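Asker: What follows is coords34.pdb, made up of PDB, C-alpha atoms, pLDDT in the B column:
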```pdb
MODEL        1
ATOM      1  CA  MET A  81     262.328  30.439  88.866  1.00 59.00           C
ATOM      2  CA  THR A  82     263.389  34.089  88.986  1.00 65.00           C
ATOM      3  CA  ALA A  83     266.460  34.982  86.953  1.00 64.00           C
ATOM      4  CA  PRO A  84     269.284  36.596  88.938  1.00 70.00           C
ATOM      5  CA  LEU A  85     269.502  40.353  88.653  1.00 74.00           C
ATOM      6  CA  THR A  86     272.245  41.650  86.399  1.00 79.00           C
ATOM      7  CA  PRO A  87     274.493  44.132  88.207  1.00 84.00           C
ATOM      8  CA  VAL A  88     274.132  47.664  86.857  1.00 89.00           C
ATOM      9  CA  THR A  89     277.361  49.281  85.747  1.00 93.00           C
ATOM     10  CA  PRO A  90     277.364  53.052  86.221  1.00 93.00           C
ATOM     11  CA  SER A  91     278.004  55.247  83.207  1.00 96.00           C
ATOM     12  CA  ALA A  92     280.910  57.633  83.153  1.00 97.00           C
ATOM     13  CA  THR A  93     279.916  61.036  84.461  1.00 97.00           C
ATOM     14  CA  LEU A  94     279.739  63.976  82.105  1.00 97.00           C
ATOM     15  CA  ARG A  95     282.568  65.505  84.128  1.00 98.00           C
ATOM     16  CA  GLU A  96     284.725  62.484  83.333  1.00 97.00           C
ATOM     17  CA  VAL A  97     283.734  62.454  79.670  1.00 97.00           C
ATOM     18  CA  ILE A  98     284.692  66.095  79.091  1.00 97.00           C
ATOM     19  CA  GLY A  99     287.746  66.003  81.350  1.00 97.00           C
ATOM     20  CA  LEU A 100     286.696  68.194  84.286  1.00 97.00           C
ATOM     21  CA  ASP A 101     288.639  67.904  87.534  1.00 95.00           C
ATOM     22  CA  GLY A 102     286.935  65.593  90.016  1.00 96.00           C
ATOM     23  CA  ARG A 103     289.163  66.318  92.984  1.00 97.00           C
ATOM     24  CA  LEU A 104     287.732  67.972  96.083  1.00 98.00           C
ATOM     25  CA  PRO A 105     289.158  71.364  97.051  1.00 98.00           C
ATOM     26  CA  ARG A 106     290.616  72.261 100.412  1.00 97.00           C
ATOM     27  CA  LEU A 107     288.100  74.312 102.364  1.00 98.00           C
ATOM     28  CA  ALA A 108     290.824  76.897 102.980  1.00 97.00           C
ATOM     29  CA  ASP A 109     290.993  77.573  99.214  1.00 98.00           C
ATOM     30  CA  THR A 110     287.272  78.225  98.757  1.00 98.00           C
ATOM     31  CA  THR A 111     284.439  80.609  99.481  1.00 98.00           C
ATOM     32  CA  LEU A 112     281.522  79.225 101.501  1.00 98.00           C
ATOM     33  CA  VAL A 113     277.963  79.904 100.331  1.00 99.00           C
ATOM     34  CA  LEU A 114     275.233  78.799 102.755  1.00 99.00           C
ATOM     35  CA  ILE A 115     271.856  78.523 101.052  1.00 99.00           C
ATOM     36  CA  ASP A 116     268.471  78.968 102.758  1.00 98.00           C
ATOM     37  CA  PHE A 117     269.356  77.650 106.204  1.00 98.00           C
ATOM     38  CA  GLN A 118     266.051  79.173 107.355  1.00 98.00           C
ATOM     39  CA  ASN A 119     263.779  78.236 110.248  1.00 98.00           C
ATOM     40  CA  THR A 120     260.958  77.309 107.882  1.00 98.00           C
ATOM     41  CA  TYR A 121     262.785  74.085 106.987  1.00 98.00           C
ATOM     42  CA  THR A 122     262.877  72.868 110.581  1.00 98.00           C
ATOM     43  CA  THR A 123     259.172  73.063 111.425  1.00 96.00           C
ATOM     44  CA  GLY A 124     255.730  73.265 109.871  1.00 95.00           C
ATOM     45  CA  VAL A 125     254.697  72.672 106.275  1.00 97.00           C
ATOM     46  CA  MET A 126     258.239  72.954 104.877  1.00 98.00           C
ATOM     47  CA  ALA A 127     260.007  70.793 107.495  1.00 98.00           C
ATOM     48  CA  LEU A 128     262.662  68.603 105.887  1.00 98.00           C
ATOM     49  CA  GLU A 129     263.694  65.083 106.732  1.00 98.00           C
ATOM     50  CA  GLY A 130     267.119  65.254 108.371  1.00 98.00           C
ATOM     51  CA  ALA A 131     267.044  69.038 108.682  1.00 98.00           C
ATOM     52  CA  ARG A 132     268.480  69.081 112.194  1.00 98.00           C
ATOM     53  CA  GLU A 133     271.370  66.793 111.258  1.00 98.00           C
ATOM     54  CA  ALA A 134     272.092  68.842 108.155  1.00 98.00           C
ATOM     55  CA  LEU A 135     271.943  72.040 110.172  1.00 98.00           C
ATOM     56  CA  ALA A 136     274.458  70.625 112.673  1.00 98.00           C
ATOM     57  CA  ALA A 137     276.762  69.737 109.788  1.00 98.00           C
ATOM     58  CA  GLY A 138     276.277  73.221 108.381  1.00 98.00           C
ATOM     59  CA  ALA A 139     277.305  74.701 111.719  1.00 98.00           C
ATOM     60  CA  ARG A 140     280.497  72.588 111.705  1.00 98.00           C
ATOM     61  CA  LEU A 141     281.191  73.683 108.150  1.00 98.00           C
ATOM     62  CA  LEU A 142     280.673  77.330 109.024  1.00 98.00           C
ATOM     63  CA  ALA A 143     282.931  77.056 112.081  1.00 98.00           C
ATOM     64  CA  ALA A 144     285.664  75.485 109.947  1.00 98.00           C
ATOM     65  CA  ALA A 145     285.295  78.224 107.326  1.00 98.00           C
ATOM     66  CA  ARG A 146     285.582  80.941 109.948  1.00 98.00           C
ATOM     67  CA  ALA A 147     288.619  79.244 111.475  1.00 98.00           C
ATOM     68  CA  ALA A 148     290.213  79.094 108.004  1.00 98.00           C
ATOM     69  CA  GLY A 149     289.474  82.785 107.443  1.00 98.00           C
ATOM     70  CA  ILE A 150     287.706  82.270 104.116  1.00 98.00           C
ATOM     71  CA  PRO A 151     284.841  84.442 102.837  1.00 98.00           C
ATOM     72  CA  VAL A 152     281.339  83.393 103.889  1.00 98.00           C
ATOM     73  CA  VAL A 153     278.104  84.380 102.158  1.00 99.00           C
ATOM     74  CA  HIS A 154     274.630  83.617 103.506  1.00 99.00           C
ATOM     75  CA  VAL A 155     271.751  83.332 101.030  1.00 98.00           C
ATOM     76  CA  VAL A 156     268.110  83.578 102.112  1.00 98.00           C
ATOM     77  CA  ASN A 157     264.921  83.109 100.138  1.00 98.00           C
ATOM     78  CA  ASP A 158     262.297  85.836 100.525  1.00 98.00           C
ATOM     79  CA  GLY A 159     258.820  84.644  99.636  1.00 97.00           C
ATOM     80  CA  GLY A 160     257.054  87.742 100.909  1.00 97.00           C
ATOM     81  CA  GLU A 161     254.964  88.580 103.942  1.00 97.00           C
ATOM     82  CA  GLY A 162     252.778  85.824 105.301  1.00 95.00           C
ATOM     83  CA  THR A 163     254.605  83.023 103.463  1.00 97.00           C
ATOM     84  CA  PRO A 164     256.770  80.263 104.973  1.00 97.00           C
ATOM     85  CA  TYR A 165     259.702  82.254 103.538  1.00 98.00           C
ATOM     86  CA  ASP A 166     258.945  85.634 105.110  1.00 98.00           C
ATOM     87  CA  ILE A 167     262.368  86.967 106.069  1.00 98.00           C
ATOM     88  CA  ARG A 168     260.713  89.685 108.140  1.00 97.00           C
ATOM     89  CA  ALA A 169     259.352  86.991 110.473  1.00 98.00           C
ATOM     90  CA  GLU A 170     260.970  84.347 112.651  1.00 98.00           C
ATOM     91  CA  ILE A 171     259.876  81.577 110.258  1.00 98.00           C
ATOM     92  CA  GLY A 172     262.052  82.994 107.475  1.00 98.00           C
ATOM     93  CA  ALA A 173     265.035  83.956 109.608  1.00 98.00           C
ATOM     94  CA  ILE A 174     268.391  82.200 109.302  1.00 98.00           C
ATOM     95  CA  CYS A 175     268.692  79.417 111.867  1.00 98.00           C
ATOM     96  CA  ALA A 176     270.578  80.485 114.978  1.00 98.00           C
ATOM     97  CA  GLU A 177     273.152  77.713 114.562  1.00 98.00           C
ATOM     98  CA  VAL A 178     274.450  79.273 111.331  1.00 98.00           C
ATOM     99  CA  ALA A 179     273.474  82.912 111.788  1.00 98.00           C
ATOM    100  CA  PRO A 180     275.754  85.515 110.179  1.00 98.00           C
ATOM    101  CA  VAL A 181     278.264  87.440 112.235  1.00 98.00           C
ATOM    102  CA  ASP A 182     279.504  90.965 111.563  1.00 97.00           C
ATOM    103  CA  GLY A 183     281.274  91.143 108.228  1.00 95.00           C
ATOM    104  CA  GLU A 184     279.527  88.178 106.621  1.00 98.00           C
ATOM    105  CA  ARG A 185     277.421  89.143 103.641  1.00 98.00           C
ATOM    106  CA  VAL A 186     273.759  88.204 103.215  1.00 98.00           C
ATOM    107  CA  VAL A 187     272.184  87.874  99.767  1.00 98.00           C
ATOM    108  CA  VAL A 188     268.399  87.800  99.342  1.00 98.00           C
ATOM    109  CA  LYS A 189     266.948  85.781  96.481  1.00 98.00           C
ATOM    110  CA  GLN A 190     263.528  84.879  95.104  1.00 98.00           C
ATOM    111  CA  PHE A 191     264.467  82.083  92.699  1.00 98.00           C
ATOM    112  CA  PRO A 192     266.061  78.655  93.233  1.00 98.00           C
ATOM    113  CA  ASN A 193     269.293  79.736  91.521  1.00 98.00           C
ATOM    114  CA  ALA A 194     270.916  82.117  93.999  1.00 99.00           C
ATOM    115  CA  PHE A 195     272.717  83.887  91.150  1.00 98.00           C
ATOM    116  CA  HIS A 196     269.504  84.777  89.300  1.00 98.00           C
ATOM    117  CA  ALA A 197     268.351  88.398  89.800  1.00 98.00           C
ATOM    118  CA  THR A 198     270.601  88.865  92.848  1.00 98.00           C
ATOM    119  CA  ASP A 199     273.929  90.516  93.579  1.00 98.00           C
ATOM    120  CA  LEU A 200     275.606  87.240  94.589  1.00 98.00           C
ATOM    121  CA  GLU A 201     278.158  87.325  91.786  1.00 98.00           C
ATOM    122  CA  LYS A 202     278.972  90.969  92.589  1.00 98.00           C
ATOM    123  CA  VAL A 203     279.384  90.084  96.263  1.00 98.00           C
ATOM    124  CA  LEU A 204     281.740  87.232  95.405  1.00 98.00           C
ATOM    125  CA  ARG A 205     283.869  89.589  93.295  1.00 98.00           C
ATOM    126  CA  GLU A 206     283.969  92.130  96.121  1.00 98.00           C
ATOM    127  CA  LEU A 207     285.115  89.415  98.523  1.00 98.00           C
ATOM    128  CA  GLY A 208     287.889  88.370  96.170  1.00 97.00           C
ATOM    129  CA  ALA A 209     286.448  84.886  95.739  1.00 97.00           C
ATOM    130  CA  GLY A 210     288.143  82.578  93.289  1.00 97.00           C
ATOM    131  CA  THR A 211     286.407  79.915  91.254  1.00 98.00           C
ATOM    132  CA  GLU A 212     286.152  77.382  94.086  1.00 98.00           C
ATOM    133  CA  LEU A 213     282.839  77.592  95.952  1.00 98.00           C
ATOM    134  CA  VAL A 214     281.510  75.315  98.691  1.00 99.00           C
ATOM    135  CA  LEU A 215     277.715  75.061  98.866  1.00 99.00           C
ATOM    136  CA  ALA A 216     275.457  73.736 101.608  1.00 99.00           C
ATOM    137  CA  GLY A 217     271.885  74.284 102.709  1.00 98.00           C
ATOM    138  CA  PHE A 218     268.269  73.614 101.803  1.00 98.00           C
ATOM    139  CA  MET A 219     266.719  72.057  99.753  1.00 98.00           C
ATOM    140  CA  THR A 220     269.106  69.662  98.039  1.00 98.00           C
ATOM    141  CA  HIS A 221     266.963  69.032  94.966  1.00 98.00           C
ATOM    142  CA  MET A 222     265.931  72.657  94.563  1.00 98.00           C
ATOM    143  CA  CYS A 223     267.992  75.690  95.607  1.00 98.00           C
ATOM    144  CA  VAL A 224     271.228  73.801  96.259  1.00 99.00           C
ATOM    145  CA  ALA A 225     271.104  71.980  92.923  1.00 98.00           C
ATOM    146  CA  PHE A 226     270.063  75.018  90.908  1.00 98.00           C
ATOM    147  CA  THR A 227     272.649  77.260  92.563  1.00 99.00           C
ATOM    148  CA  ALA A 228     275.313  74.654  91.753  1.00 99.00           C
ATOM    149  CA  GLN A 229     274.115  74.721  88.146  1.00 98.00           C
ATOM    150  CA  GLY A 230     274.148  78.524  88.129  1.00 98.00           C
ATOM    151  CA  ALA A 231     277.656  78.609  89.561  1.00 98.00           C
ATOM    152  CA  PHE A 232     278.893  76.116  86.969  1.00 98.00           C
ATOM    153  CA  THR A 233     277.343  78.130  84.140  1.00 98.00           C
ATOM    154  CA  LEU A 234     279.166  81.249  85.339  1.00 98.00           C
ATOM    155  CA  GLY A 235     282.541  79.508  85.437  1.00 98.00           C
ATOM    156  CA  TYR A 236     282.746  78.654  89.117  1.00 98.00           C
ATOM    157  CA  ARG A 237     283.669  75.215  90.405  1.00 98.00           C
ATOM    158  CA  PRO A 238     281.106  74.386  93.115  1.00 98.00           C
ATOM    159  CA  THR A 239     281.403  71.612  95.661  1.00 98.00           C
ATOM    160  CA  VAL A 240     278.291  70.555  97.577  1.00 98.00           C
ATOM    161  CA  VAL A 241     278.655  69.116 101.084  1.00 98.00           C
ATOM    162  CA  ALA A 242     276.090  66.310 101.155  1.00 98.00           C
ATOM    163  CA  GLU A 243     275.697  65.941 104.912  1.00 98.00           C
ATOM    164  CA  ALA A 244     274.944  69.657 105.197  1.00 98.00           C
ATOM    165  CA  THR A 245     271.930  69.422 102.868  1.00 98.00           C
ATOM    166  CA  ALA A 246     268.449  67.926 103.178  1.00 98.00           C
ATOM    167  CA  THR A 247     265.161  67.616 101.322  1.00 98.00           C
ATOM    168  CA  ARG A 248     261.666  66.126 101.706  1.00 98.00           C
ATOM    169  CA  PRO A 249     259.596  63.286 100.210  1.00 98.00           C
ATOM    170  CA  LEU A 250     257.617  64.197  97.105  1.00 98.00           C
ATOM    171  CA  ALA A 251     255.199  62.455  94.770  1.00 98.00           C
ATOM    172  CA  GLY A 252     256.629  61.525  91.373  1.00 97.00           C
ATOM    173  CA  PRO A 253     254.805  61.996  88.057  1.00 97.00           C
ATOM    174  CA  ASP A 254     253.062  58.632  88.445  1.00 97.00           C
ATOM    175  CA  GLY A 255     251.976  59.414  91.981  1.00 97.00           C
ATOM    176  CA  THR A 256     254.547  57.160  93.636  1.00 97.00           C
ATOM    177  CA  VAL A 257     256.111  58.820  96.646  1.00 98.00           C
ATOM    178  CA  LEU A 258     259.845  59.316  96.391  1.00 97.00           C
ATOM    179  CA  PRO A 259     261.381  59.098  99.866  1.00 98.00           C
ATOM    180  CA  ALA A 260     263.517  62.059 100.871  1.00 98.00           C
ATOM    181  CA  ALA A 261     266.629  59.875 100.783  1.00 98.00           C
ATOM    182  CA  THR A 262     265.896  58.909  97.172  1.00 98.00           C
ATOM    183  CA  LEU A 263     265.370  62.503  96.075  1.00 98.00           C
ATOM    184  CA  GLN A 264     268.477  63.530  98.019  1.00 98.00           C
ATOM    185  CA  ALA A 265     270.588  60.907  96.259  1.00 98.00           C
ATOM    186  CA  ALA A 266     269.175  61.816  92.852  1.00 98.00           C
ATOM    187  CA  ALA A 267     269.874  65.520  93.355  1.00 98.00           C
ATOM    188  CA  LEU A 268     273.441  64.932  94.522  1.00 98.00           C
ATOM    189  CA  THR A 269     274.015  62.522  91.637  1.00 98.00           C
ATOM    190  CA  THR A 270     272.777  65.140  89.165  1.00 98.00           C
ATOM    191  CA  ILE A 271     275.152  67.711  90.629  1.00 98.00           C
ATOM    192  CA  GLY A 272     278.077  65.299  90.537  1.00 98.00           C
ATOM    193  CA  ASP A 273     277.368  64.275  86.948  1.00 98.00           C
ATOM    194  CA  LEU A 274     278.291  67.736  85.651  1.00 98.00           C
ATOM    195  CA  PHE A 275     277.780  70.823  87.765  1.00 98.00           C
ATOM    196  CA  GLY A 276     280.242  70.205  90.584  1.00 98.00           C
ATOM    197  CA  THR A 277     281.912  67.837  92.961  1.00 98.00           C
ATOM    198  CA  VAL A 278     280.167  66.353  95.996  1.00 98.00           C
ATOM    199  CA  ALA A 279     281.816  65.895  99.388  1.00 98.00           C
ATOM    200  CA  ALA A 280     279.996  63.418 101.597  1.00 98.00           C
ATOM    201  CA  THR A 281     281.068  65.127 104.808  1.00 98.00           C
ATOM    202  CA  VAL A 282     282.592  68.343 106.104  1.00 98.00           C
ATOM    203  CA  ALA A 283     285.647  66.342 107.154  1.00 97.00           C
ATOM    204  CA  GLU A 284     286.422  65.516 103.522  1.00 97.00           C
ATOM    205  CA  LEU A 285     287.186  69.192 102.881  1.00 97.00           C
ATOM    206  CA  THR A 286     289.300  69.697 105.971  1.00 92.00           C
ATOM    207  CA  ALA A 287     291.349  66.482 105.955  1.00 83.00           C
ATOM    208  CA  PRO A 288     295.143  67.043 106.183  1.00 68.00           C
ATOM    209  CA  GLY A 289     296.923  66.663 102.872  1.00 59.00           C
ATOM    210  CA  LEU A 290     293.852  67.357 100.740  1.00 58.00           C
ATOM    211  CA  GLY A 291     294.441  69.155  97.482  1.00 50.00           C
TER     212      GLY A 291
ENDMDL
END
```
What does the file become when written as C-alpha cells?

Answerer:
Amino acid sequence: MTAPLTPVTPSATLREVIGLDGRLPRLADTTLVLIDFQNTYTTGVMALEGAREALAAGARLLAAARAAGIPVVHVVNDGGEGTPYDIRAEIGAICAEVAPVDGERVVVKQFPNAFHATDLEKVLRELGAGTELVLAGFMTHMCVAFTAQGAFTLGYRPTVVAEATATRPLAGPDGTVLPAATLQAAALTTIGDLFGTVAATVAELTAPGLG
C-alpha cells in the first residue's frame, strides 16, 4: 500500500526574510523595458513555446505603457552576422507587434544581463526613470531572469510580467527533458524569491486602486 504524499509547505522567500516590499507597482509609476522581443524567437531553431501568446501580451503591455506616458526602452540581442540574433537581418529584428516608435530608445546587448557592457543604465538615467522597472520579453530563464538580477544588483526594483515572457524545453543535467512550462515556472520562481516581483498578467499592473 502506497503511503499518502505529504503536502509540501513552501519556504518563505528571501524577499520576505529580509523585508523587501512584495507589492506590485502601478504601471504608471514605472519604466518599461522590453527584452529581446525578436523574430528569431517566433520561428526556426530558437522558436519558443508560447511565443505568440507572450508577444500578444507584450503588445498589450506596450500599449498600456504608451497610454500611461511612461518611458519605454527596447533591448535587442546582437549575435552577429549570420546568427539567429543578427539584428541587421529580419530574423533579429524586433517583432512588428512591439516595434519601437519615434522617441523610444533601443539598447543593443550581447550578454543575458541587459545592463552588462551596455548603456542601459545611462539611458534609464537620461529618461528620468525611478527605481521601478517592468520587464517582459524572451527568454524567461535567460535574458529576462538575468536582467532582473542585474537590475536588482544596481538598486532597481524590477517586476516581471509572466504572461509576456516565454521559454523553451531543455534537457536537464541528467538528460531528462524539462518542459518549457517547468522551466518557465522555475525561472519566475527564482526571480520572485529575491530579484523582483512577478505579475501574472498585464492587467495586474493596470488594475484600478493598485499601489

Asker: Quick one: everything within 10 Å of stretch 186-203 of chain A, counting all atoms listed in the file, minus sequence neighbours fewer than 6 positions away in the same chain. Send it as a ChimeraX atom specification.

Answerer: /A:113-116,152-160,165,167,180,209,219,221-231,234

Asker: Need the shell around stretch 134-141 of chain A: protein/DNA/RNA residues with any atom at most 9 Å away, counting only C-alpha atoms. Skip same-chain ones fewer than 3 positions apart. Format as a list of chain:residue names?

Answerer: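 Surrounding residues, per the criterion: A:Leu112, A:Leu114, A:Phe117, A:Gly130, A:Ala131, A:Ala144, A:Ala145, A:Arg146, A:Cys175, A:Glu177, A:Val178, A:Ala216, A:Gly217, A:Phe218, A:Val241, A:Ala242, A:Glu243, A:Ala244, A:Thr245, A:Ala246, A:Thr281, A:Val282, A:Ala283.
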
Asker: Using all atoms listed in the file, which residue out of A:Leu142, A:Val278, A:Val88, A:Val125 lies closest to A:Glu184?

Answerer: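 Counting all atoms listed in the file, the residue closest to A:Glu184 is A:Leu142.
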
Asker: Have a look at atom CA of A:Pro90 and atom CA of A:Glu284 and let me know their distance in Å, one decimal.

Answerer: 23.2 Å

Asker: Can you measure atom CA of A:Ala176 to atom CA of A:Val214 for me? One decimal in Å is fine.

Answerer: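 Here the two named atoms are 20.3 Å from each other.
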
Asker: Assuming the chain letters and numbering stay as they are in my file, what does the PyMOL selection byres ((chain A and resi 212) around 7) actually select? List them as a VMD selection string.

Answerer: chain A and resid 110 to 111 210 to 211 213 to 214 236 to 238

Asker: Take the selection from the previous step and output its residues with C-alpha atoms, as a PDB file, in the frame of the given file.

Answerer:
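Output file out-v2.pdb follows:
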```
ATOM      1  CA  THR A 110     287.272  78.225  98.757  1.00 98.00           C
ATOM      2  CA  THR A 111     284.439  80.609  99.481  1.00 98.00           C
ATOM      3  CA  GLY A 210     288.143  82.578  93.289  1.00 97.00           C
ATOM      4  CA  THR A 211     286.407  79.915  91.254  1.00 98.00           C
ATOM      5  CA  LEU A 213     282.839  77.592  95.952  1.00 98.00           C
ATOM      6  CA  VAL A 214     281.510  75.315  98.691  1.00 99.00           C
ATOM      7  CA  TYR A 236     282.746  78.654  89.117  1.00 98.00           C
ATOM      8  CA  ARG A 237     283.669  75.215  90.405  1.00 98.00           C
ATOM      9  CA  PRO A 238     281.106  74.386  93.115  1.00 98.00           C
TER      10      PRO A 238
END
```

Asker: Which residues are near A:Ala260? Cut-off 9 Å, all atoms listed in the file, ignore same chain within fewer than 5 positions. Put them as a PyMOL selection string.

Answerer: chain A and resi 128-130+246-250+265

Asker: Could those residues be written to a file, using C-alpha atoms, as a CSV table (one decimal), keeping the file's coordinate frame?

Answerer:
```
chain,number,residue,atom,x,y,z
A,128,LEU,CA,262.7,68.6,105.9
A,129,GLU,CA,263.7,65.1,106.7
A,130,GLY,CA,267.1,65.3,108.4
A,246,ALA,CA,268.4,67.9,103.2
A,247,THR,CA,265.2,67.6,101.3
A,248,ARG,CA,261.7,66.1,101.7
A,249,PRO,CA,259.6,63.3,100.2
A,250,LEU,CA,257.6,64.2,97.1
A,265,ALA,CA,270.6,60.9,96.3
```

Asker: If I take atom CA of A:Phe232 and atom CA of A:Ala287, how far is one from the other in Å, to one decimal?

Answerer: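 Taking atom CA of A:Phe232 as the start and atom CA of A:Ala287 as the end point, the length is 24.7 Å.
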
Asker: Which of these residues is nearest to A:Arg185, using all atoms listed in the file: A:Gly102, A:Gly162, A:Pro151, A:Pro87?

Answerer: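 Going through A:Gly102, A:Gly162, A:Pro151, A:Pro87 one by one, the smallest distance to A:Arg185 is for A:Pro151.
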
Asker: Which residues come within 12 Å of A:Thr93, counting all atoms listed in the file, excluding same-chain residues fewer than 4 positions away, as a PDB file with C-alpha atoms, keeping the file's coordinate frame?

Answerer:
```
ATOM      1  CA  VAL A  97     283.734  62.454  79.670  1.00 97.00           C
ATOM      2  CA  ILE A  98     284.692  66.095  79.091  1.00 97.00           C
ATOM      3  CA  GLY A  99     287.746  66.003  81.350  1.00 97.00           C
ATOM      4  CA  LEU A 100     286.696  68.194  84.286  1.00 97.00           C
ATOM      5  CA  ASP A 101     288.639  67.904  87.534  1.00 95.00           C
ATOM      6  CA  GLY A 102     286.935  65.593  90.016  1.00 96.00           C
ATOM      7  CA  THR A 269     274.015  62.522  91.637  1.00 98.00           C
ATOM      8  CA  THR A 270     272.777  65.140  89.165  1.00 98.00           C
ATOM      9  CA  ILE A 271     275.152  67.711  90.629  1.00 98.00           C
ATOM     10  CA  GLY A 272     278.077  65.299  90.537  1.00 98.00           C
ATOM     11  CA  ASP A 273     277.368  64.275  86.948  1.00 98.00           C
ATOM     12  CA  LEU A 274     278.291  67.736  85.651  1.00 98.00           C
ATOM     13  CA  PHE A 275     277.780  70.823  87.765  1.00 98.00           C
ATOM     14  CA  GLY A 276     280.242  70.205  90.584  1.00 98.00           C
ATOM     15  CA  THR A 277     281.912  67.837  92.961  1.00 98.00           C
TER      16      THR A 277
END
```

Asker: Rank nothing, just name the residue among A:Arg95, A:Thr122, A:Glu206, A:Arg106 nearest to A:Ile174, using all atoms listed in the file.

Answerer: A:Thr122

Asker: Taking only C-alpha atoms into account, name the residue in A:Leu258, A:Leu268, A:Thr239, A:Ile150 that is nearest to A:Arg103.

Answerer: A:Thr239

Asker: Between A:Ala108, A:Gly235, A:Thr220, A:Thr86, which residue has the minimum interatomic distance to A:Ala261, considering only C-alpha atoms?

Answerer: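 Looking only at the distances to A:Ala261, the closest residue turns out to be A:Thr220.
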
Asker: Determine the nearest neighbour of A:Asp109 from the options A:Gly255, A:Pro164, A:Gly208, A:Gly124, counting all atoms listed in the file.

Answerer: A:Gly208

Asker: Please, can stretch 118-137 of chain A be completed to N, CA and C atoms and returned as an mmCIF file, keeping the file's coordinate frame?

Answerer:
```
data_model
loop_
_atom_site.group_PDB
_atom_site.id
_atom_site.type_symbol
_atom_site.label_atom_id
_atom_site.label_comp_id
_atom_site.auth_asym_id
_atom_site.auth_seq_id
_atom_site.Cartn_x
_atom_site.Cartn_y
_atom_site.Cartn_z
ATOM 1 N N GLN A 118 267.085 78.369 106.715
ATOM 2 C CA GLN A 118 266.051 79.173 107.355
ATOM 3 C C GLN A 118 265.160 78.322 108.255
ATOM 4 N N ASN A 119 264.594 78.957 109.265
ATOM 5 C CA ASN A 119 263.779 78.236 110.248
ATOM 6 C C ASN A 119 262.629 77.473 109.619
ATOM 7 N N THR A 120 262.117 77.951 108.514
ATOM 8 C CA THR A 120 260.958 77.309 107.882
ATOM 9 C C THR A 120 261.204 75.835 107.551
ATOM 10 N N TYR A 121 262.478 75.473 107.352
ATOM 11 C CA TYR A 121 262.785 74.085 106.987
ATOM 12 C C TYR A 121 262.922 73.156 108.189
ATOM 13 N N THR A 122 262.754 73.695 109.376
ATOM 14 C CA THR A 122 262.877 72.868 110.581
ATOM 15 C C THR A 122 261.537 72.582 111.243
ATOM 16 N N THR A 123 260.470 73.233 110.782
ATOM 17 C CA THR A 123 259.172 73.063 111.425
ATOM 18 C C THR A 123 258.057 73.411 110.455
ATOM 19 N N GLY A 124 256.881 72.874 110.678
ATOM 20 C CA GLY A 124 255.730 73.265 109.871
ATOM 21 C C GLY A 124 255.692 72.620 108.500
ATOM 22 N N VAL A 125 254.996 73.256 107.577
ATOM 23 C CA VAL A 125 254.697 72.672 106.275
ATOM 24 C C VAL A 125 255.944 72.395 105.445
ATOM 25 N N MET A 126 257.027 73.136 105.668
ATOM 26 C CA MET A 126 258.239 72.954 104.877
ATOM 27 C C MET A 126 259.324 72.160 105.605
ATOM 28 N N ALA A 127 259.001 71.547 106.733
ATOM 29 C CA ALA A 127 260.007 70.793 107.495
ATOM 30 C C ALA A 127 260.615 69.688 106.641
ATOM 31 N N LEU A 128 261.933 69.569 106.700
ATOM 32 C CA LEU A 128 262.662 68.603 105.887
ATOM 33 C C LEU A 128 263.100 67.410 106.725
ATOM 34 N N GLU A 129 263.162 66.267 106.072
ATOM 35 C CA GLU A 129 263.694 65.083 106.732
ATOM 36 C C GLU A 129 265.207 65.253 106.889
ATOM 37 N N GLY A 130 265.689 65.107 108.125
ATOM 38 C CA GLY A 130 267.119 65.254 108.371
ATOM 39 C C GLY A 130 267.591 66.683 108.481
ATOM 40 N N ALA A 131 266.655 67.626 108.636
ATOM 41 C CA ALA A 131 267.044 69.038 108.682
ATOM 42 C C ALA A 131 267.965 69.343 109.854
ATOM 43 N N ARG A 132 267.673 68.782 111.010
ATOM 44 C CA ARG A 132 268.480 69.081 112.194
ATOM 45 C C ARG A 132 269.905 68.565 112.038
ATOM 46 N N GLU A 133 270.037 67.359 111.480
ATOM 47 C CA GLU A 133 271.370 66.793 111.258
ATOM 48 C C GLU A 133 272.145 67.614 110.228
ATOM 49 N N ALA A 134 271.453 68.024 109.178
ATOM 50 C CA ALA A 134 272.092 68.842 108.155
ATOM 51 C C ALA A 134 272.491 70.204 108.712
ATOM 52 N N LEU A 135 271.646 70.753 109.550
ATOM 53 C CA LEU A 135 271.943 72.040 110.172
ATOM 54 C C LEU A 135 273.169 71.930 111.077
ATOM 55 N N ALA A 136 273.282 70.838 111.822
ATOM 56 C CA ALA A 136 274.458 70.625 112.673
ATOM 57 C C ALA A 136 275.723 70.523 111.826
ATOM 58 N N ALA A 137 275.616 69.829 110.699
ATOM 59 C CA ALA A 137 276.762 69.737 109.788
ATOM 60 C C ALA A 137 277.097 71.104 109.204
#
```
